[in-house]
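Reading through the structure tokens given below for one structure.
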Amino acid sequence: MRANPFVSLFILAAATLMVCGLVGKPTPSDRISVVANEQARRVDIAIDGQPFTSYIWPTTLKKPVLYPLRTAKGTIITRGYPLEQRPGERVDHPHHAGMWFNYENVNGLDFWNNSEAIKPENAPKMGTIVQRGVVSVKSGSEQGELDVETDWVTFERKKLLSERTHFVFRGGPSFRSIDRITILRALDEKVSFPDEKDGMLGLRVIRALEIPSDKPEVYTDASGRATTVAKLDNAGVNGTYLTSEGKKGDAAWGTRGRWCNLSGLVLDEPVTITILDHPENPGFPTYWHARGYGLFAANPLGQKVFSNGKEELNFSLAPHASATFRYRILISSAILTPEATEAAYKEFIATYH
């Protein structure tokens, strides 16, 4: 059957519009707008005309991130460093930027700890997540959507994994939310994720949402790299964790749970950041790599580390096999109760079943 020349012209025109960034352009009725500007290496998300977050892949980072994150009232809840300098913030762990998704050990390469601060002699040990392209953007009255593709590559730029991530952005007068659905696919070789501490979905919060600390501390990763964190002023610092299993504060670290809250006052605004795990995720229920100094991460693959050797996952993907990771990040302008968080959790898993 002969191809319809008008259909071919329509496809060509649509492709041209997509390249120009005009497909998916918000209309006046779209409450949630998602606008891509690949030349500027960013996609901007706004809700009710106010900035929410941006998906960015600056050349100074070794992976794409969402940065910054804001509440419905416009309050920024992610740390500025290393992208911005803000007075009174810690300047440790330069790889903690905004919100990200990666892992410490992928076929022996460290994707989590990679940054511009890595010494040249250690660079071959690190992995990088390279932005391949924005597949689609969609604005809407109820939600906005973003699909992106990235490659997990070695120092020599050999591709180990292809990643396809679907973001859904929602918001109302008292909340913002992000669904992140990530599919990791191995290429021509097996890809192993041995149990390690640093992974996978992480964000670094502002000083107010840290747990108060009155002493200098040193944090080291599995490779022995040490970061000294000096004593800081605790004025306004009041964050605390709470898991679905009732673990509070520093006790949340290294424990499992369906969800975890990080709550506190940011100036006069009550704020809760919630990460919701999904029953179909590998390693469910996840372990919480939730640190008092502001690292809030869900790590489903580090079971041996967190269980003191009682459990071990050693997750891997056979050649061309894939795995899907589903998370919702809920940002509430309230101190969420366990009951309200459990209701949000049930709504999340009902959305993806």
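We label chains A, B, ... in the order they appear in the structure tokens, count residues from 1 in each chain, and number ligands from 1 in the order shown.
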Non-local contacts of region 266-282 of chain A (7 Å; only C-alpha atoms; under 5 positions in same chain excluded) as a PyMOL selection string: chain A and resi 208+258-261+300+324-336+345+349
Using only C-alpha atoms, determine which residues lie at most 10 Å from Leu83 (chain A), disregarding the query and same-chain residues fewer than 5 positions distant; provide the list as a PDB file with N, CA and C atoms, in the first residue's frame.
```
ATOM      1  N   PRO A  58      23.098  20.543  33.920  1.00  0.00           N
ATOM      2  CA  PRO A  58      24.233  21.436  33.663  1.00  0.00           C
ATOM      3  C   PRO A  58      25.526  20.656  33.485  1.00  0.00           C
ATOM      4  N   THR A  60      28.193  21.109  34.891  1.00  0.00           N
ATOM      5  CA  THR A  60      28.931  20.997  36.154  1.00  0.00           C
ATOM      6  C   THR A  60      28.502  19.806  36.989  1.00  0.00           C
ATOM      7  N   LEU A  61      27.424  19.124  36.602  1.00  0.00           N
ATOM      8  CA  LEU A  61      26.956  17.955  37.342  1.00  0.00           C
ATOM      9  C   LEU A  61      27.186  16.693  36.538  1.00  0.00           C
ATOM     10  N   TYR A  67      15.852  20.589  40.396  1.00  0.00           N
ATOM     11  CA  TYR A  67      16.406  21.617  41.270  1.00  0.00           C
ATOM     12  C   TYR A  67      15.866  22.976  40.880  1.00  0.00           C
ATOM     13  N   PRO A  68      15.498  23.824  41.876  1.00  0.00           N
ATOM     14  CA  PRO A  68      15.234  23.434  43.258  1.00  0.00           C
ATOM     15  C   PRO A  68      13.826  22.858  43.385  1.00  0.00           C
ATOM     16  N   PRO A  94      29.617  17.427  47.518  1.00  0.00           N
ATOM     17  CA  PRO A  94      29.252  18.204  46.326  1.00  0.00           C
ATOM     18  C   PRO A  94      28.414  17.432  45.308  1.00  0.00           C
ATOM     19  N   HIS A  96      25.651  15.957  46.209  1.00  0.00           N
ATOM     20  CA  HIS A  96      24.270  16.077  46.670  1.00  0.00           C
ATOM     21  C   HIS A  96      23.667  17.360  46.104  1.00  0.00           C
ATOM     22  N   ALA A  97      23.040  17.276  44.957  1.00  0.00           N
ATOM     23  CA  ALA A  97      22.462  18.449  44.297  1.00  0.00           C
ATOM     24  C   ALA A  97      21.001  18.180  43.985  1.00  0.00           C
ATOM     25  N   GLY A  98      20.103  18.988  44.551  1.00  0.00           N
ATOM     26  CA  GLY A  98      18.685  18.846  44.258  1.00  0.00           C
ATOM     27  C   GLY A  98      18.161  17.465  44.585  1.00  0.00           C
TER      28      GLY A  98
END
```
9 Å contact set for Glu217 (chain A), only C-alpha atoms, chain neighbours under 4 positions out, as a ChimeraX atom specification: /A:227-231
For Ala186 (chain A): contacts at 7 Å, only C-alpha atoms, fewer than 6 positions along chain excluded, given as a list in words: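 Residues meeting the cut-off are Leu160, Leu161, Ser162, Leu317, Ala318, Pro319, His320, Ala321 and Ser322 of chain A.
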Close residues, Asp110 (chain A) itself excluded, 6 Å, only C-alpha atoms, min 2 positions apart in chain, as an MDAnalysis selection string: chainID A and resid 104:105 112 126:127
Strand (DSSP E or B) positions in region 146-337 of chain A, given as a PyMOL selection string: chain A and resi 146-153+159-172+175-186+191-193+199-205+217-220+226-229+240-243+248+256+259-266+269-276+287-290+295-299+315-317+322-332
d(CA of Thr341 (chain A), CA of Ile77 (chain A)) in Å: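 Between CA of Thr341 (chain A) and CA of Ile77 (chain A) the gap works out to 19.0 Å.
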9 Å contact set for Gly144 (chain A), only C-alpha atoms, chain neighbours under 3 positions out, as a PyMOL selection string: chain A and resi 30-34+45+47+137-141+167-170
Residue list (helix (DSSP H, G or I), DSSP) for region 82-297 of chain A, as number ranges by chain: A: 120-125, 207-209, 249-252
Residue among A:Ile56, A:Leu262, A:Val153, A:Ala46 lying closest to Pro338 (chain A), counting only C-alpha atoms: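 Smallest separation from Pro338 (chain A) among the options: A:Leu262.
Using only C-alpha atoms, the nearest neighbour of Lys197 (chain A) within the list A:Lys119, A:Lys215, A:Arg90, A:His289 is A:His289.
Neighbours of Gln131 (chain A) closer than or equal to 12 Å, with only C-alpha atoms counted and sequence neighbours fewer than 5 positions away skipped, come out as Glu38, Arg41, Arg42, Tyr55, Ile56, Trp57, Pro58, Thr59, Leu61, Lys62, Lys63, Pro64, Val65, Asp147, Val148, Glu149, Thr150, Asp151, Trp152, Val153, Ser162, Glu163, Arg164 and Thr165 of chain A.
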Write the residues you've just listed into a file as a PDB file, in the first residue's frame, and include N, CA and C atoms for each of them.
```
ATOM      1  N   GLU A  38      15.973  22.762  25.605  1.00  0.00           N
ATOM      2  CA  GLU A  38      17.126  21.872  25.601  1.00  0.00           C
ATOM      3  C   GLU A  38      18.428  22.627  25.360  1.00  0.00           C
ATOM      4  N   ARG A  41      19.584  23.473  28.541  1.00  0.00           N
ATOM      5  CA  ARG A  41      19.764  22.262  29.350  1.00  0.00           C
ATOM      6  C   ARG A  41      18.809  22.250  30.542  1.00  0.00           C
ATOM      7  N   ARG A  42      17.507  22.505  30.254  1.00  0.00           N
ATOM      8  CA  ARG A  42      16.552  22.539  31.342  1.00  0.00           C
ATOM      9  C   ARG A  42      15.120  22.366  30.835  1.00  0.00           C
ATOM     10  N   TYR A  55      13.899  20.430  35.731  1.00  0.00           N
ATOM     11  CA  TYR A  55      14.753  19.284  35.402  1.00  0.00           C
ATOM     12  C   TYR A  55      15.943  19.857  34.645  1.00  0.00           C
ATOM     13  N   ILE A  56      17.151  19.714  35.208  1.00  0.00           N
ATOM     14  CA  ILE A  56      18.330  20.360  34.625  1.00  0.00           C
ATOM     15  C   ILE A  56      19.466  19.356  34.468  1.00  0.00           C
ATOM     16  N   TRP A  57      20.327  19.603  33.497  1.00  0.00           N
ATOM     17  CA  TRP A  57      21.519  18.768  33.309  1.00  0.00           C
ATOM     18  C   TRP A  57      22.715  19.673  32.977  1.00  0.00           C
ATOM     19  N   PRO A  58      23.098  20.543  33.920  1.00  0.00           N
ATOM     20  CA  PRO A  58      24.233  21.436  33.663  1.00  0.00           C
ATOM     21  C   PRO A  58      25.526  20.656  33.485  1.00  0.00           C
ATOM     22  N   THR A  59      26.464  21.255  32.789  1.00  0.00           N
ATOM     23  CA  THR A  59      27.747  20.586  32.539  1.00  0.00           C
ATOM     24  C   THR A  59      28.554  20.395  33.817  1.00  0.00           C
ATOM     25  N   LEU A  61      27.424  19.124  36.602  1.00  0.00           N
ATOM     26  CA  LEU A  61      26.956  17.955  37.342  1.00  0.00           C
ATOM     27  C   LEU A  61      27.186  16.693  36.538  1.00  0.00           C
ATOM     28  N   LYS A  62      27.205  15.568  37.248  1.00  0.00           N
ATOM     29  CA  LYS A  62      27.447  14.275  36.614  1.00  0.00           C
ATOM     30  C   LYS A  62      26.171  13.460  36.447  1.00  0.00           C
ATOM     31  N   LYS A  63      25.027  14.110  36.608  1.00  0.00           N
ATOM     32  CA  LYS A  63      23.730  13.484  36.383  1.00  0.00           C
ATOM     33  C   LYS A  63      22.684  14.585  36.310  1.00  0.00           C
ATOM     34  N   PRO A  64      21.549  14.328  35.629  1.00  0.00           N
ATOM     35  CA  PRO A  64      20.451  15.292  35.664  1.00  0.00           C
ATOM     36  C   PRO A  64      19.808  15.299  37.051  1.00  0.00           C
ATOM     37  N   VAL A  65      19.243  16.443  37.437  1.00  0.00           N
ATOM     38  CA  VAL A  65      18.590  16.566  38.737  1.00  0.00           C
ATOM     39  C   VAL A  65      17.349  17.434  38.596  1.00  0.00           C
ATOM     40  N   ASP A 147       8.894  13.204  29.839  1.00  0.00           N
ATOM     41  CA  ASP A 147       9.600  11.957  29.560  1.00  0.00           C
ATOM     42  C   ASP A 147      10.989  12.284  29.044  1.00  0.00           C
ATOM     43  N   VAL A 148      11.994  11.632  29.651  1.00  0.00           N
ATOM     44  CA  VAL A 148      13.382  11.875  29.272  1.00  0.00           C
ATOM     45  C   VAL A 148      14.108  10.544  29.101  1.00  0.00           C
ATOM     46  N   GLU A 149      15.194  10.588  28.345  1.00  0.00           N
ATOM     47  CA  GLU A 149      16.068   9.430  28.178  1.00  0.00           C
ATOM     48  C   GLU A 149      17.499   9.829  28.524  1.00  0.00           C
ATOM     49  N   THR A 150      18.175   8.946  29.268  1.00  0.00           N
ATOM     50  CA  THR A 150      19.565   9.169  29.638  1.00  0.00           C
ATOM     51  C   THR A 150      20.344   7.872  29.442  1.00  0.00           C
ATOM     52  N   ASP A 151      21.670   7.994  29.492  1.00  0.00           N
ATOM     53  CA  ASP A 151      22.561   6.835  29.418  1.00  0.00           C
ATOM     54  C   ASP A 151      23.484   6.838  30.630  1.00  0.00           C
ATOM     55  N   TRP A 152      23.640   5.677  31.266  1.00  0.00           N
ATOM     56  CA  TRP A 152      24.604   5.489  32.349  1.00  0.00           C
ATOM     57  C   TRP A 152      25.897   4.984  31.711  1.00  0.00           C
ATOM     58  N   VAL A 153      26.955   5.808  31.768  1.00  0.00           N
ATOM     59  CA  VAL A 153      28.158   5.509  30.999  1.00  0.00           C
ATOM     60  C   VAL A 153      29.395   5.445  31.894  1.00  0.00           C
ATOM     61  N   SER A 162      20.577   2.020  29.700  1.00  0.00           N
ATOM     62  CA  SER A 162      19.740   3.088  29.167  1.00  0.00           C
ATOM     63  C   SER A 162      18.620   3.334  30.170  1.00  0.00           C
ATOM     64  N   GLU A 163      18.283   4.598  30.352  1.00  0.00           N
ATOM     65  CA  GLU A 163      17.235   4.960  31.309  1.00  0.00           C
ATOM     66  C   GLU A 163      16.135   5.727  30.598  1.00  0.00           C
ATOM     67  N   ARG A 164      14.900   5.362  30.887  1.00  0.00           N
ATOM     68  CA  ARG A 164      13.727   6.109  30.435  1.00  0.00           C
ATOM     69  C   ARG A 164      12.935   6.487  31.683  1.00  0.00           C
ATOM     70  N   THR A 165      12.742   7.758  31.922  1.00  0.00           N
ATOM     71  CA  THR A 165      12.042   8.211  33.120  1.00  0.00           C
ATOM     72  C   THR A 165      10.835   9.049  32.744  1.00  0.00           C
TER      73      THR A 165
END
```
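Coordinates place CA of Ile181 (chain A) at a distance of 24.8 Å from CA of Arg157 (chain A).
Computed from the coordinates, the CA of Pro26 (chain A) to CA of Phe52 (chain A) distance equals 15.1 Å.
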Of the listed residues A:Ala123, A:Leu209, A:Val191, A:Leu301, that which approaches Ser316 (chain A) most closely, counting only C-alpha atoms: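 Using only C-alpha atoms, the shortest distance to Ser316 (chain A) belongs to A:Val191.
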